[in-house]
$ cat start23.cif   # mmCIF, C-alpha atoms
data_coords
loop_
_atom_site.label_atom_id
_atom_site.label_comp_id
_atom_site.auth_asym_id
_atom_site.auth_seq_id
_atom_site.Cartn_x
_atom_site.Cartn_y
_atom_site.Cartn_z
CA MET A 12 99.52 102.30 48.20
CA VAL A 13 99.02 104.28 51.40
CA THR A 14 95.56 105.43 52.45
CA LEU A 15 95.47 108.97 53.82
CA LYS A 16 92.63 111.31 54.79
CA CYS A 17 91.56 114.25 52.66
CA PRO A 18 91.92 117.34 54.89
CA ILE A 19 88.95 118.93 53.13
CA CYS A 20 86.23 116.25 52.93
CA GLY A 21 87.66 113.63 55.30
CA GLY A 22 87.40 110.91 52.64
CA ASN A 23 90.09 108.34 51.88
CA VAL A 24 92.84 109.22 49.41
CA GLU A 25 95.03 106.51 47.90
CA VAL A 26 98.63 107.71 47.60
CA GLU A 27 101.43 105.72 45.97
CA ASP A 28 104.12 104.44 48.34
CA ASN A 29 106.82 106.28 46.40
CA ALA A 30 105.01 109.67 46.38
CA LEU A 31 107.37 112.61 46.89
CA PRO A 32 106.79 115.69 49.03
CA GLY A 33 105.22 118.38 46.88
CA GLU A 34 103.36 115.89 44.69
CA ILE A 35 99.86 117.03 43.77
CA ILE A 36 96.86 114.74 43.98
CA GLU A 37 93.46 115.68 42.61
CA HIS A 38 90.89 114.19 44.99
CA GLU A 39 87.40 113.14 43.87
CA CYS A 40 85.90 115.84 46.13
CA GLY A 41 87.56 118.42 43.85
CA ALA A 42 90.33 119.42 46.25
CA GLN A 43 93.87 119.73 44.90
CA LEU A 44 96.07 118.22 47.63
CA GLU A 45 99.80 118.40 48.22
CA VAL A 46 101.74 115.50 49.72
CA PHE A 47 104.07 116.65 52.51
CA ASN A 48 106.39 115.08 55.04
CA ASP A 49 104.82 115.32 58.49
CA ASN A 50 107.60 114.25 60.89
CA GLY A 51 108.63 111.32 58.71
CA ARG A 52 105.12 110.34 57.61
CA LEU A 53 103.39 111.21 54.36
CA SER A 54 100.42 113.49 54.88
CA LEU A 55 98.15 115.73 52.79
CA ARG A 56 97.30 119.42 52.84
CA LEU A 57 95.40 121.73 50.51
CA ALA A 58 97.76 122.81 47.72
CA GLU A 59 98.19 126.54 47.37
CA THR A 60 97.77 128.09 43.95
CA VAL A 61 101.14 128.57 42.30
CA GLY A 62 101.41 131.00 39.37
CA GLU A 63 103.36 130.40 36.20
CA ASP A 64 105.10 133.67 35.46
CA TRP A 65 108.58 132.29 35.71
CA GLY A 66 111.84 133.74 34.50
CA GLU A 67 113.57 133.61 31.15
CA MET B 11 106.97 156.38 23.59
CA ILE B 12 107.18 152.71 22.70
CA VAL B 13 108.48 149.54 24.36
CA ILE B 14 110.28 146.91 22.28
CA LYS B 15 111.00 143.34 23.38
CA SER B 16 113.26 140.91 21.58
CA GLY B 17 113.83 137.30 22.49
CA GLY B 18 117.21 135.61 22.80
CA ARG B 19 116.96 133.80 19.47
CA VAL B 20 116.69 137.07 17.56
CA ILE B 21 119.66 138.45 19.52
CA LYS B 22 121.70 135.32 18.92
CA ASN B 23 120.87 134.79 15.24
CA SER B 24 120.23 138.29 13.92
CA PHE B 25 122.16 140.67 16.18
CA ASP B 26 123.38 143.13 13.52
CA LYS B 27 119.97 143.46 11.88
CA LEU B 28 118.38 143.99 15.28
CA ILE B 29 120.84 146.74 16.17
CA ASN B 30 120.27 148.46 12.81
CA SER B 31 116.53 148.21 13.28
CA LEU B 32 116.69 149.71 16.77
CA SER B 33 119.04 152.46 15.59
CA ASN B 34 116.75 153.36 12.66
CA TYR B 35 113.90 154.14 15.04
CA ASN B 36 114.38 157.84 15.72
CA GLU B 37 112.20 158.38 18.76
CA SER B 38 112.54 157.32 22.40
CA ALA B 39 112.03 153.72 23.42
CA VAL B 40 112.60 151.20 26.14
CA PHE B 41 114.14 148.00 24.77
CA VAL B 42 113.81 144.86 26.91
CA HIS B 43 116.01 141.99 25.78
CA GLY B 44 115.89 138.28 26.47
CA GLY B 45 118.83 135.95 26.08
CA GLY B 46 117.92 132.62 27.65
CA ASP B 47 119.75 130.56 24.99
CA ILE B 48 122.90 132.65 25.42
CA VAL B 49 122.76 132.20 29.21
CA THR B 50 122.50 128.44 28.61
CA ASP B 51 125.64 128.53 26.44
CA TYR B 52 127.60 130.42 29.12
CA SER B 53 126.31 128.14 31.83
CA LYS B 54 127.56 125.06 29.94
CA ARG B 55 130.91 126.73 29.21
CA MET B 56 131.30 127.35 32.95
CA GLY B 57 130.61 123.69 33.69
CA ILE B 58 127.09 124.09 35.04
CA GLU B 59 124.43 122.15 33.19
CA PRO B 60 121.26 124.26 33.24
CA THR B 61 118.09 122.71 34.61
CA PHE B 62 114.74 123.22 32.96
CA VAL B 63 111.33 122.47 34.41
CA VAL B 64 107.96 122.07 32.70
CA SER B 65 104.79 123.62 34.11
CA PRO B 66 101.48 121.73 34.14
CA GLU B 67 100.49 123.87 31.12
CA GLY B 68 103.52 122.62 29.23
CA ILE B 69 105.67 125.74 29.44
CA ARG B 70 109.37 124.94 29.71
CA SER B 71 111.38 127.37 31.84
CA ARG B 72 114.84 127.68 33.28
CA TYR B 73 115.17 126.60 36.91
CA THR B 74 117.45 129.17 38.48
CA THR B 75 119.52 127.96 41.40
CA ARG B 76 121.65 130.42 43.40
CA GLU B 77 124.71 129.34 41.41
CA GLU B 78 122.92 129.72 38.10
CA LEU B 79 121.58 133.12 39.14
CA ASP B 80 125.17 134.40 39.19
CA ILE B 81 125.76 133.16 35.64
CA TYR B 82 122.39 134.53 34.54
CA VAL B 83 123.26 137.99 35.89
CA MET B 84 126.74 137.90 34.32
CA ALA B 85 125.51 136.75 30.91
CA MET B 86 122.51 139.10 30.79
CA ASN B 87 124.68 142.07 31.73
CA LEU B 88 127.14 141.14 28.99
CA ILE B 89 124.30 140.94 26.43
CA ASN B 90 122.99 144.27 27.72
CA LYS B 91 126.35 146.03 27.33
CA ASN B 92 126.93 144.51 23.88
CA ILE B 93 123.59 146.00 22.80
CA VAL B 94 124.41 149.35 24.44
CA SER B 95 127.82 149.59 22.75
CA SER B 96 126.42 148.57 19.36
CA ILE B 97 123.57 151.10 19.43
CA SER B 98 125.97 153.77 20.71
CA SER B 99 128.25 153.10 17.74
CA LYS B 100 125.32 154.09 15.49
CA GLY B 101 125.31 157.55 17.08
CA ARG B 102 122.38 157.06 19.44
CA ASN B 103 122.34 157.92 23.14
CA VAL B 104 121.63 154.85 25.19
CA VAL B 105 121.77 153.60 28.75
CA GLY B 106 121.69 149.94 29.76
CA ILE B 107 120.27 148.86 33.10
CA THR B 108 118.75 145.95 34.99
CA GLY B 109 115.57 146.22 37.03
CA ALA B 110 117.75 146.43 40.13
CA ASP B 111 119.07 149.82 39.00
CA GLY B 112 116.91 152.62 40.33
CA PRO B 113 115.42 150.21 41.44
CA SER B 114 113.28 150.23 38.35
CA ILE B 115 111.65 146.77 38.50
CA TYR B 116 110.56 145.31 41.84
CA ALA B 117 109.73 141.62 42.07
CA GLU B 118 108.95 138.96 44.63
CA ARG B 119 110.88 135.73 44.64
CA LYS B 120 108.64 132.83 43.72
CA LYS B 121 109.17 130.62 46.72
CA ARG B 122 107.32 127.64 45.26
CA ILE B 123 106.48 126.60 41.70
CA MET B 124 104.40 123.76 40.29
CA ILE B 125 106.06 121.49 37.76
CA ILE B 126 105.56 118.19 35.98
CA ASP B 127 108.36 116.03 37.38
CA GLU B 128 110.39 113.32 35.64
CA ARG B 129 107.73 110.75 36.55
CA GLY B 130 105.09 112.85 34.82
CA LYS B 131 103.47 113.92 38.09
CA LYS B 132 102.44 117.39 39.18
CA ARG B 133 104.65 118.53 41.99
CA ILE B 134 105.40 121.72 43.96
CA ILE B 135 109.10 122.46 44.40
CA GLU B 136 111.21 125.32 45.77
CA GLY B 137 110.99 128.23 43.34
CA GLY B 138 114.68 129.06 43.00
CA TYR B 139 115.60 132.60 41.96
CA THR B 140 112.83 133.56 39.58
CA GLY B 141 110.45 136.36 40.37
CA LYS B 142 107.04 137.83 39.80
CA ILE B 143 107.12 141.54 38.92
CA ILE B 144 105.12 143.60 41.39
CA LYS B 145 106.04 147.22 40.61
CA VAL B 146 107.69 149.38 37.95
CA ASN B 147 109.31 152.67 38.94
CA ASN B 148 107.59 154.93 36.44
CA GLU B 149 109.33 158.16 37.46
CA PHE B 150 112.81 156.65 37.28
CA LEU B 151 112.24 155.25 33.78
CA LEU B 152 110.63 158.46 32.51
CA GLY B 153 113.59 160.38 33.92
CA LEU B 154 116.03 158.17 32.01
CA ILE B 155 114.02 158.38 28.79
CA SER B 156 114.15 162.17 29.01
CA LEU B 157 117.96 161.94 28.89
CA VAL B 158 118.60 159.30 26.20
CA ASN B 159 117.07 157.78 23.05
CA TYR B 160 117.08 154.23 24.35
CA VAL B 161 116.84 152.56 27.74
CA VAL B 162 118.03 148.96 27.30
CA MET B 163 116.80 146.66 30.06
CA ALA B 164 118.04 143.20 31.02
CA PRO B 165 115.38 140.84 32.44
CA ILE B 166 116.69 141.03 36.00
CA ALA B 167 114.59 142.45 38.84
CA ILE B 168 115.19 142.98 42.53
CA ASP B 169 113.41 141.56 45.56
CA VAL B 170 114.09 144.36 48.03
CA ASN B 171 112.78 142.35 50.99
CA GLU B 172 115.23 139.49 50.46
CA GLY B 173 117.92 141.71 48.91
CA VAL B 174 118.39 139.41 45.93
CA LEU B 175 118.45 139.76 42.17
CA LEU B 176 115.89 137.66 40.32
CA ASN B 177 115.50 136.13 36.89
CA VAL B 178 112.26 137.52 35.47
CA ASP B 179 110.62 136.71 32.17
CA GLY B 180 111.55 139.34 29.55
CA ASP B 181 108.06 139.33 28.04
CA GLN B 182 106.58 139.99 31.48
CA MET B 183 109.07 142.79 32.07
CA ALA B 184 108.25 144.43 28.73
CA LEU B 185 104.54 144.07 29.47
CA ALA B 186 104.89 145.63 32.94
CA VAL B 187 106.94 148.54 31.59
CA ALA B 188 104.56 149.14 28.65
CA LYS B 189 101.53 149.16 30.96
CA THR B 190 103.12 151.49 33.49
CA LEU B 191 104.34 153.94 30.86
CA ARG B 192 101.05 153.60 28.91
CA ALA B 193 103.15 153.06 25.82
CA ASP B 194 101.92 153.97 22.33
CA ALA B 195 103.00 150.51 21.25
CA LEU B 196 104.57 147.34 22.58
CA VAL B 197 106.56 145.67 19.80
CA ILE B 198 107.42 142.01 20.43
CA LEU B 199 110.12 140.85 18.03
CA THR B 200 110.25 137.06 17.69
CA ASP B 201 111.73 134.48 15.32
CA VAL B 202 108.38 134.05 13.50
CA GLU B 203 106.44 136.47 11.28
CA GLY B 204 103.61 136.92 13.75
CA VAL B 205 100.78 134.80 15.13
CA LEU B 206 100.40 131.92 12.69
CA VAL B 207 97.17 130.00 12.14
CA ASP B 208 97.26 127.25 9.47
CA GLY B 209 100.62 128.62 8.32
CA LYS B 210 99.30 132.15 7.70
CA VAL B 211 99.97 135.29 9.70
CA ILE B 212 96.89 136.75 11.38
CA ASN B 213 97.18 140.47 10.70
CA LYS B 214 94.76 141.94 13.25
CA LEU B 215 93.16 140.77 16.45
CA SER B 216 90.83 142.49 18.88
CA VAL B 217 91.35 141.81 22.59
CA ASN B 218 88.53 139.26 22.65
CA GLU B 219 89.73 137.55 19.45
CA ALA B 220 93.21 137.34 20.96
CA LYS B 221 91.88 135.71 24.13
CA ASP B 222 89.88 133.15 22.10
CA LEU B 223 92.83 132.37 19.84
CA ALA B 224 95.16 131.87 22.82
CA LYS B 225 93.10 128.83 23.83
CA LYS B 226 93.70 127.18 20.45
CA ILE B 227 97.42 127.62 19.84
CA GLY B 228 100.54 126.16 21.41
CA PRO B 229 102.43 127.19 24.55
CA GLY B 230 104.82 130.06 24.06
CA MET B 231 102.82 132.07 21.55
CA ASN B 232 99.61 131.66 23.56
CA ARG B 233 101.28 133.36 26.50
CA LYS B 234 102.41 136.24 24.27
CA ILE B 235 98.86 136.68 22.93
CA LEU B 236 97.32 136.74 26.40
CA MET B 237 99.97 139.23 27.45
CA ALA B 238 99.15 141.38 24.43
CA ALA B 239 95.44 141.34 25.26
CA SER B 240 96.17 142.29 28.87
CA ALA B 241 98.45 145.13 27.74
CA VAL B 242 95.77 146.65 25.50
CA GLU B 243 93.14 146.28 28.24
CA GLU B 244 95.42 148.19 30.60
CA GLY B 245 96.21 151.19 28.45
CA VAL B 246 98.84 150.20 25.85
CA LYS B 247 97.47 151.47 22.51
CA ARG B 248 98.54 148.44 20.47
CA VAL B 249 100.78 145.40 20.62
CA ILE B 250 102.56 144.14 17.51
CA ILE B 251 104.04 140.63 17.37
CA SER B 252 106.43 140.57 14.43
CA SER B 253 109.66 139.09 13.05
CA GLY B 254 112.90 140.42 14.49
CA LEU B 255 114.98 138.58 11.89
CA LYS B 256 114.31 141.09 9.10
CA ASP B 257 115.86 144.41 8.11
CA ASN B 258 114.14 147.38 9.70
CA SER B 259 112.07 145.12 11.95
CA VAL B 260 110.99 147.88 14.35
CA LEU B 261 109.71 150.24 11.63
CA GLU B 262 108.16 147.31 9.75
CA ALA B 263 106.31 146.23 12.89
CA LEU B 264 105.11 149.78 13.55
CA SER B 265 103.82 149.93 9.95
CA GLY B 266 101.61 146.94 10.74
CA LYS B 267 103.69 143.95 9.56
CA GLY B 268 103.02 140.95 11.76
CA THR B 269 100.06 140.59 14.11
CA VAL B 270 98.56 143.74 15.57
CA ILE B 271 96.45 143.42 18.72
CA GLU B 272 94.45 146.57 19.55
#
$ encode --input "start23.cif" --output "structure tokens"
Amino acid sequence: MVTLKCPICGGNVEVEDNALPGEIIEHECGAQLEVFNDNGRLSLRLAETVGEDWGE
Amino acid sequence: MIVIKSGGRVIKNSFDKLINSLSNYNESAVFVHGGGDIVTDYSKRMGIEPTFVVSPEGIRSRYTTREELDIYVMAMNLINKNIVSSISSKGRNVVGITGADGPSIYAERKKRIMIIDERGKKRIIEGGYTGKIIKVNNEFLLGLISLVNYVVMAPIAIDVNEGVLLNVDGDQMALAVAKTLRADALVILTDVEGVLVDGKVINKLSVNEAKDLAKKIGPGMNRKILMAASAVEEGVKRVIISSGLKDNSVLEALSGKGTVIE
């Protein structure tokens, strides 16, 4: 596990070592966070809302 | 004026009946076709294994890479022209287009989508070449309808900013066209008799009943019901979800067979 900071509440967020960029983590503060690669290090940002009206 | 949508399974398994049903409807209509299963067949025959992704709500959709987009456009255009030639052979005037023609259907490429990945985790990935419909060219479609009995539309739209064709959901395309044209009816032909609850077809639903029911039934049909409710709220007089596998399916649906949302 890697401990990262929630960009919204500043609290700790436990992220699995093998987390992939794009992975979504629901934090206890209610924020939906996206794992991203920040110059070779895993980091977190607020996930944008992504709709579901896909193609055929 | 009505809008009719038929999914790929009806086209694949009941093509002749569908063509007869469309030809027996004597007034003007826009017909939006699907064809996902047929695209998958072509993709495999061309040596490209299609990729599917599952949304957090459990909806399984095609993931369209640039390479697969080409096959999608080829296969959908072939389906479109097969429908056009078959309806024409019944003596009806028909034109077949994609949303890029006109342009009639504008969309934005979905740059990112959320999926459940192979490890069962929610993840955001690049969106590929699927799109969200943002505008329907009302005047262009009305102009076409004034010239022919049927406008047959393949579920392909255009992103004019990126200059690319996009795979769009046929149900969403039919919904957008029906709303824009304020259609008298949107007929959704599927491979089931209508909305089924405990094995029985629900014959009528109000908008609110449809929204409540959508929370209780499985993915796929729930999306169609929510779409139907939204269509009626935005000016479509009624939506009928009915079987496309039967003889005279269009006229049967318009007579109230299936599930009517109004």
$ closest_atom_pairs --input "start23.cif" --of "chain B" --to "chain A" --cutoff "10 Å" --atoms "all atoms listed in the file" --output "tab-separated table"
residue	atom	partner	partner_atom	distance
B:Gly17	CA	A:Glu67	CA	9.4
B:Gly18	CA	A:Glu67	CA	9.3
B:Gly44	CA	A:Glu67	CA	7.0
B:Gly45	CA	A:Glu67	CA	7.7
B:Gly46	CA	A:Glu67	CA	5.7
B:Asp47	CA	A:Glu67	CA	9.2
B:Val49	CA	A:Glu67	CA	9.5
B:Ser65	CA	A:Glu63	CA	7.2
B:Pro66	CA	A:Glu63	CA	9.1
B:Glu67	CA	A:Glu63	CA	8.8
B:Ile69	CA	A:Glu63	CA	8.5
B:Arg70	CA	A:Trp65	CA	9.5
B:Ser71	CA	A:Glu67	CA	6.6
B:Arg72	CA	A:Glu67	CA	6.4
B:Tyr73	CA	A:Gly66	CA	8.2
B:Thr74	CA	A:Gly66	CA	8.3
B:Tyr82	CA	A:Glu67	CA	9.5
B:Arg119	CA	A:Trp65	CA	9.8
B:Lys120	CA	A:Trp65	CA	8.0
B:Lys121	CA	A:Val61	CA	9.4
B:Arg122	CA	A:Val61	CA	6.9
B:Ile123	CA	A:Val61	CA	5.7
B:Met124	CA	A:Val61	CA	6.1
B:Ile125	CA	A:Glu34	CA	9.3
B:Ile126	CA	A:Glu34	CA	9.3
B:Asp127	CA	A:Glu34	CA	8.9
B:Lys131	CA	A:Glu34	CA	6.9
B:Lys132	CA	A:Ile35	CA	5.3
B:Arg133	CA	A:Glu34	CA	4.0
B:Ile134	CA	A:Gly33	CA	4.4
B:Ile135	CA	A:Gly33	CA	6.2
B:Glu136	CA	A:Gly33	CA	9.2
B:Gly137	CA	A:Trp65	CA	9.0
B:Tyr139	CA	A:Gly66	CA	8.4
B:Thr140	CA	A:Gly66	CA	5.2
B:Gly141	CA	A:Trp65	CA	6.5
B:Lys142	CA	A:Asp64	CA	6.3
B:Ile143	CA	A:Asp64	CA	8.8
B:Pro165	CA	A:Glu67	CA	7.6
B:Ile166	CA	A:Gly66	CA	8.9
B:Leu176	CA	A:Gly66	CA	8.1
B:Asn177	CA	A:Gly66	CA	5.0
B:Val178	CA	A:Gly66	CA	3.9
B:Asp179	CA	A:Gly66	CA	4.0
B:Gly180	CA	A:Glu67	CA	6.3
B:Asp181	CA	A:Glu67	CA	8.5
B:Gln182	CA	A:Asp64	CA	7.6
B:Met183	CA	A:Gly66	CA	9.8
B:Arg233	CA	A:Asp64	CA	9.7
$ write_last_selection --input "start23.cif" --atoms "C-alpha atoms" --output "PDB file, in the frame of the given file"
ATOM      1  CA  GLY B  17     113.830 137.300  22.490  1.00  0.00           C
ATOM      2  CA  GLY B  18     117.210 135.610  22.800  1.00  0.00           C
ATOM      3  CA  GLY B  44     115.890 138.280  26.470  1.00  0.00           C
ATOM      4  CA  GLY B  45     118.830 135.950  26.080  1.00  0.00           C
ATOM      5  CA  GLY B  46     117.920 132.620  27.650  1.00  0.00           C
ATOM      6  CA  ASP B  47     119.750 130.560  24.990  1.00  0.00           C
ATOM      7  CA  VAL B  49     122.760 132.200  29.210  1.00  0.00           C
ATOM      8  CA  SER B  65     104.790 123.620  34.110  1.00  0.00           C
ATOM      9  CA  PRO B  66     101.480 121.730  34.140  1.00  0.00           C
ATOM     10  CA  GLU B  67     100.490 123.870  31.120  1.00  0.00           C
ATOM     11  CA  ILE B  69     105.670 125.740  29.440  1.00  0.00           C
ATOM     12  CA  ARG B  70     109.370 124.940  29.710  1.00  0.00           C
ATOM     13  CA  SER B  71     111.380 127.370  31.840  1.00  0.00           C
ATOM     14  CA  ARG B  72     114.840 127.680  33.280  1.00  0.00           C
ATOM     15  CA  TYR B  73     115.170 126.600  36.910  1.00  0.00           C
ATOM     16  CA  THR B  74     117.450 129.170  38.480  1.00  0.00           C
ATOM     17  CA  TYR B  82     122.390 134.530  34.540  1.00  0.00           C
ATOM     18  CA  ARG B 119     110.880 135.730  44.640  1.00  0.00           C
ATOM     19  CA  LYS B 120     108.640 132.830  43.720  1.00  0.00           C
ATOM     20  CA  LYS B 121     109.170 130.620  46.720  1.00  0.00           C
ATOM     21  CA  ARG B 122     107.320 127.640  45.260  1.00  0.00           C
ATOM     22  CA  ILE B 123     106.480 126.600  41.700  1.00  0.00           C
ATOM     23  CA  MET B 124     104.400 123.760  40.290  1.00  0.00           C
ATOM     24  CA  ILE B 125     106.060 121.490  37.760  1.00  0.00           C
ATOM     25  CA  ILE B 126     105.560 118.190  35.980  1.00  0.00           C
ATOM     26  CA  ASP B 127     108.360 116.030  37.380  1.00  0.00           C
ATOM     27  CA  LYS B 131     103.470 113.920  38.090  1.00  0.00           C
ATOM     28  CA  LYS B 132     102.440 117.390  39.180  1.00  0.00           C
ATOM     29  CA  ARG B 133     104.650 118.530  41.990  1.00  0.00           C
ATOM     30  CA  ILE B 134     105.400 121.720  43.960  1.00  0.00           C
ATOM     31  CA  ILE B 135     109.100 122.460  44.400  1.00  0.00           C
ATOM     32  CA  GLU B 136     111.210 125.320  45.770  1.00  0.00           C
ATOM     33  CA  GLY B 137     110.990 128.230  43.340  1.00  0.00           C
ATOM     34  CA  TYR B 139     115.600 132.600  41.960  1.00  0.00           C
ATOM     35  CA  THR B 140     112.830 133.560  39.580  1.00  0.00           C
ATOM     36  CA  GLY B 141     110.450 136.360  40.370  1.00  0.00           C
ATOM     37  CA  LYS B 142     107.040 137.830  39.800  1.00  0.00           C
ATOM     38  CA  ILE B 143     107.120 141.540  38.920  1.00  0.00           C
ATOM     39  CA  PRO B 165     115.380 140.840  32.440  1.00  0.00           C
ATOM     40  CA  ILE B 166     116.690 141.030  36.000  1.00  0.00           C
ATOM     41  CA  LEU B 176     115.890 137.660  40.320  1.00  0.00           C
ATOM     42  CA  ASN B 177     115.500 136.130  36.890  1.00  0.00           C
ATOM     43  CA  VAL B 178     112.260 137.520  35.470  1.00  0.00           C
ATOM     44  CA  ASP B 179     110.620 136.710  32.170  1.00  0.00           C
ATOM     45  CA  GLY B 180     111.550 139.340  29.550  1.00  0.00           C
ATOM     46  CA  ASP B 181     108.060 139.330  28.040  1.00  0.00           C
ATOM     47  CA  GLN B 182     106.580 139.990  31.480  1.00  0.00           C
ATOM     48  CA  MET B 183     109.070 142.790  32.070  1.00  0.00           C
ATOM     49  CA  ARG B 233     101.280 133.360  26.500  1.00  0.00           C
TER      50      ARG B 233
END
$ resolve_selection --input "start23.cif" --expression "the PyMOL selection byres ((chain A and resi 53) around 9)" --output "PyMOL selection string"
chain A and resi 13+15+26+30-32+46-52+54-55
$ closest_residue --input "start23.cif" --among "B:Glu262, B:Glu244, B:Glu59, B:Glu149" --to "Glu77 of chain B" --atoms "all atoms listed in the file"
B:Glu59
$ atom_distance --input "start23.cif" --atom1 "atom CA of Arg192 of chain B" --atom2 "atom CA of Gly268 of chain B"
21.4 Å
$ atom_distance --input "start23.cif" --atom1 "atom CA of Leu236 of chain B" --atom2 "atom CA of Ala42 of chain A"
27.3 Å
$ residues_around --input "start23.cif" --residues "Ala224 of chain B" --least-positions-apart "5" --cutoff "12 Å" --atoms "all atoms listed in the file" --output "PDB file with C-alpha atoms, in the coordinates of the input"
ATOM      1  CA  VAL B 205     100.780 134.800  15.130  1.00  0.00           C
ATOM      2  CA  LEU B 206     100.400 131.920  12.690  1.00  0.00           C
ATOM      3  CA  VAL B 207      97.170 130.000  12.140  1.00  0.00           C
ATOM      4  CA  LEU B 215      93.160 140.770  16.450  1.00  0.00           C
ATOM      5  CA  VAL B 217      91.350 141.810  22.590  1.00  0.00           C
ATOM      6  CA  ASN B 218      88.530 139.260  22.650  1.00  0.00           C
ATOM      7  CA  GLU B 219      89.730 137.550  19.450  1.00  0.00           C
ATOM      8  CA  PRO B 229     102.430 127.190  24.550  1.00  0.00           C
ATOM      9  CA  GLY B 230     104.820 130.060  24.060  1.00  0.00           C
ATOM     10  CA  MET B 231     102.820 132.070  21.550  1.00  0.00           C
ATOM     11  CA  ASN B 232      99.610 131.660  23.560  1.00  0.00           C
ATOM     12  CA  ARG B 233     101.280 133.360  26.500  1.00  0.00           C
ATOM     13  CA  LYS B 234     102.410 136.240  24.270  1.00  0.00           C
ATOM     14  CA  ILE B 235      98.860 136.680  22.930  1.00  0.00           C
ATOM     15  CA  LEU B 236      97.320 136.740  26.400  1.00  0.00           C
ATOM     16  CA  MET B 237      99.970 139.230  27.450  1.00  0.00           C
ATOM     17  CA  ALA B 238      99.150 141.380  24.430  1.00  0.00           C
ATOM     18  CA  ALA B 239      95.440 141.340  25.260  1.00  0.00           C
TER      19      ALA B 239
END
$ residues_near_point --input "start23.cif" --point "(115.6, 147.7, 11.6)" --cutoff "6 Å" --atoms "all atoms listed in the file" --output "PDB file with C-alpha atoms, in the frame of the given file"
ATOM      1  CA  LEU B  28     118.380 143.990  15.280  1.00  0.00           C
ATOM      2  CA  ASN B  30     120.270 148.460  12.810  1.00  0.00           C
ATOM      3  CA  SER B  31     116.530 148.210  13.280  1.00  0.00           C
ATOM      4  CA  LEU B  32     116.690 149.710  16.770  1.00  0.00           C
ATOM      5  CA  ASN B  34     116.750 153.360  12.660  1.00  0.00           C
ATOM      6  CA  ASP B 257     115.860 144.410   8.110  1.00  0.00           C
ATOM      7  CA  ASN B 258     114.140 147.380   9.700  1.00  0.00           C
ATOM      8  CA  SER B 259     112.070 145.120  11.950  1.00  0.00           C
ATOM      9  CA  VAL B 260     110.990 147.880  14.350  1.00  0.00           C
TER      10      VAL B 260
END
$ residues_near_point --input "start23.cif" --point "(96.5, 102.4, 53.2)" --cutoff "10 Å" --atoms "only C-alpha atoms" --output "list in words"
Met12, Val13, Thr14, Leu15, Lys16, Asn23, Val24, Glu25, Val26, Glu27 and Asp28 of chain A
$ write_last_selection --input "start23.cif" --atoms "C-alpha atoms" --output "PDB file, keeping the file's coordinate frame"
ATOM      1  CA  MET A  12      99.520 102.300  48.200  1.00  0.00           C
ATOM      2  CA  VAL A  13      99.020 104.280  51.400  1.00  0.00           C
ATOM      3  CA  THR A  14      95.560 105.430  52.450  1.00  0.00           C
ATOM      4  CA  LEU A  15      95.470 108.970  53.820  1.00  0.00           C
ATOM      5  CA  LYS A  16      92.630 111.310  54.790  1.00  0.00           C
ATOM      6  CA  ASN A  23      90.090 108.340  51.880  1.00  0.00           C
ATOM      7  CA  VAL A  24      92.840 109.220  49.410  1.00  0.00           C
ATOM      8  CA  GLU A  25      95.030 106.510  47.900  1.00  0.00           C
ATOM      9  CA  VAL A  26      98.630 107.710  47.600  1.00  0.00           C
ATOM     10  CA  GLU A  27     101.430 105.720  45.970  1.00  0.00           C
ATOM     11  CA  ASP A  28     104.120 104.440  48.340  1.00  0.00           C
TER      12      ASP A  28
END
$ atom_distance --input "start23.cif" --atom1 "atom CA of Met84 of chain B" --atom2 "atom CA of Asp51 of chain B"
12.3 Å
$ resolve_selection --input "start23.cif" --expression "the PyMOL selection byres ((chain B and resi 202) around 8)" --output "MDAnalysis selection string"
chainID B and resid 200:201 203:205 252:254
$ residues_around --input "start23.cif" --residues "Met11 of chain B" --least-positions-apart "6" --cutoff "7 Å" --atoms "only C-alpha atoms" --output "PyMOL selection string"
chain B and resi 38-39+193-194
$ resolve_selection --input "start23.cif" --expression "the PyMOL selection byres ((chain B and resi 190) around 9)" --output "number ranges by chain"
B: 145-148, 185-189, 191-193, 244-246
$ closest_residue --input "start23.cif" --among "B:Leu79, B:Leu199, B:Lys226, B:Met163" --to "Ser24 of chain B" --atoms "all atoms listed in the file"
B:Leu199
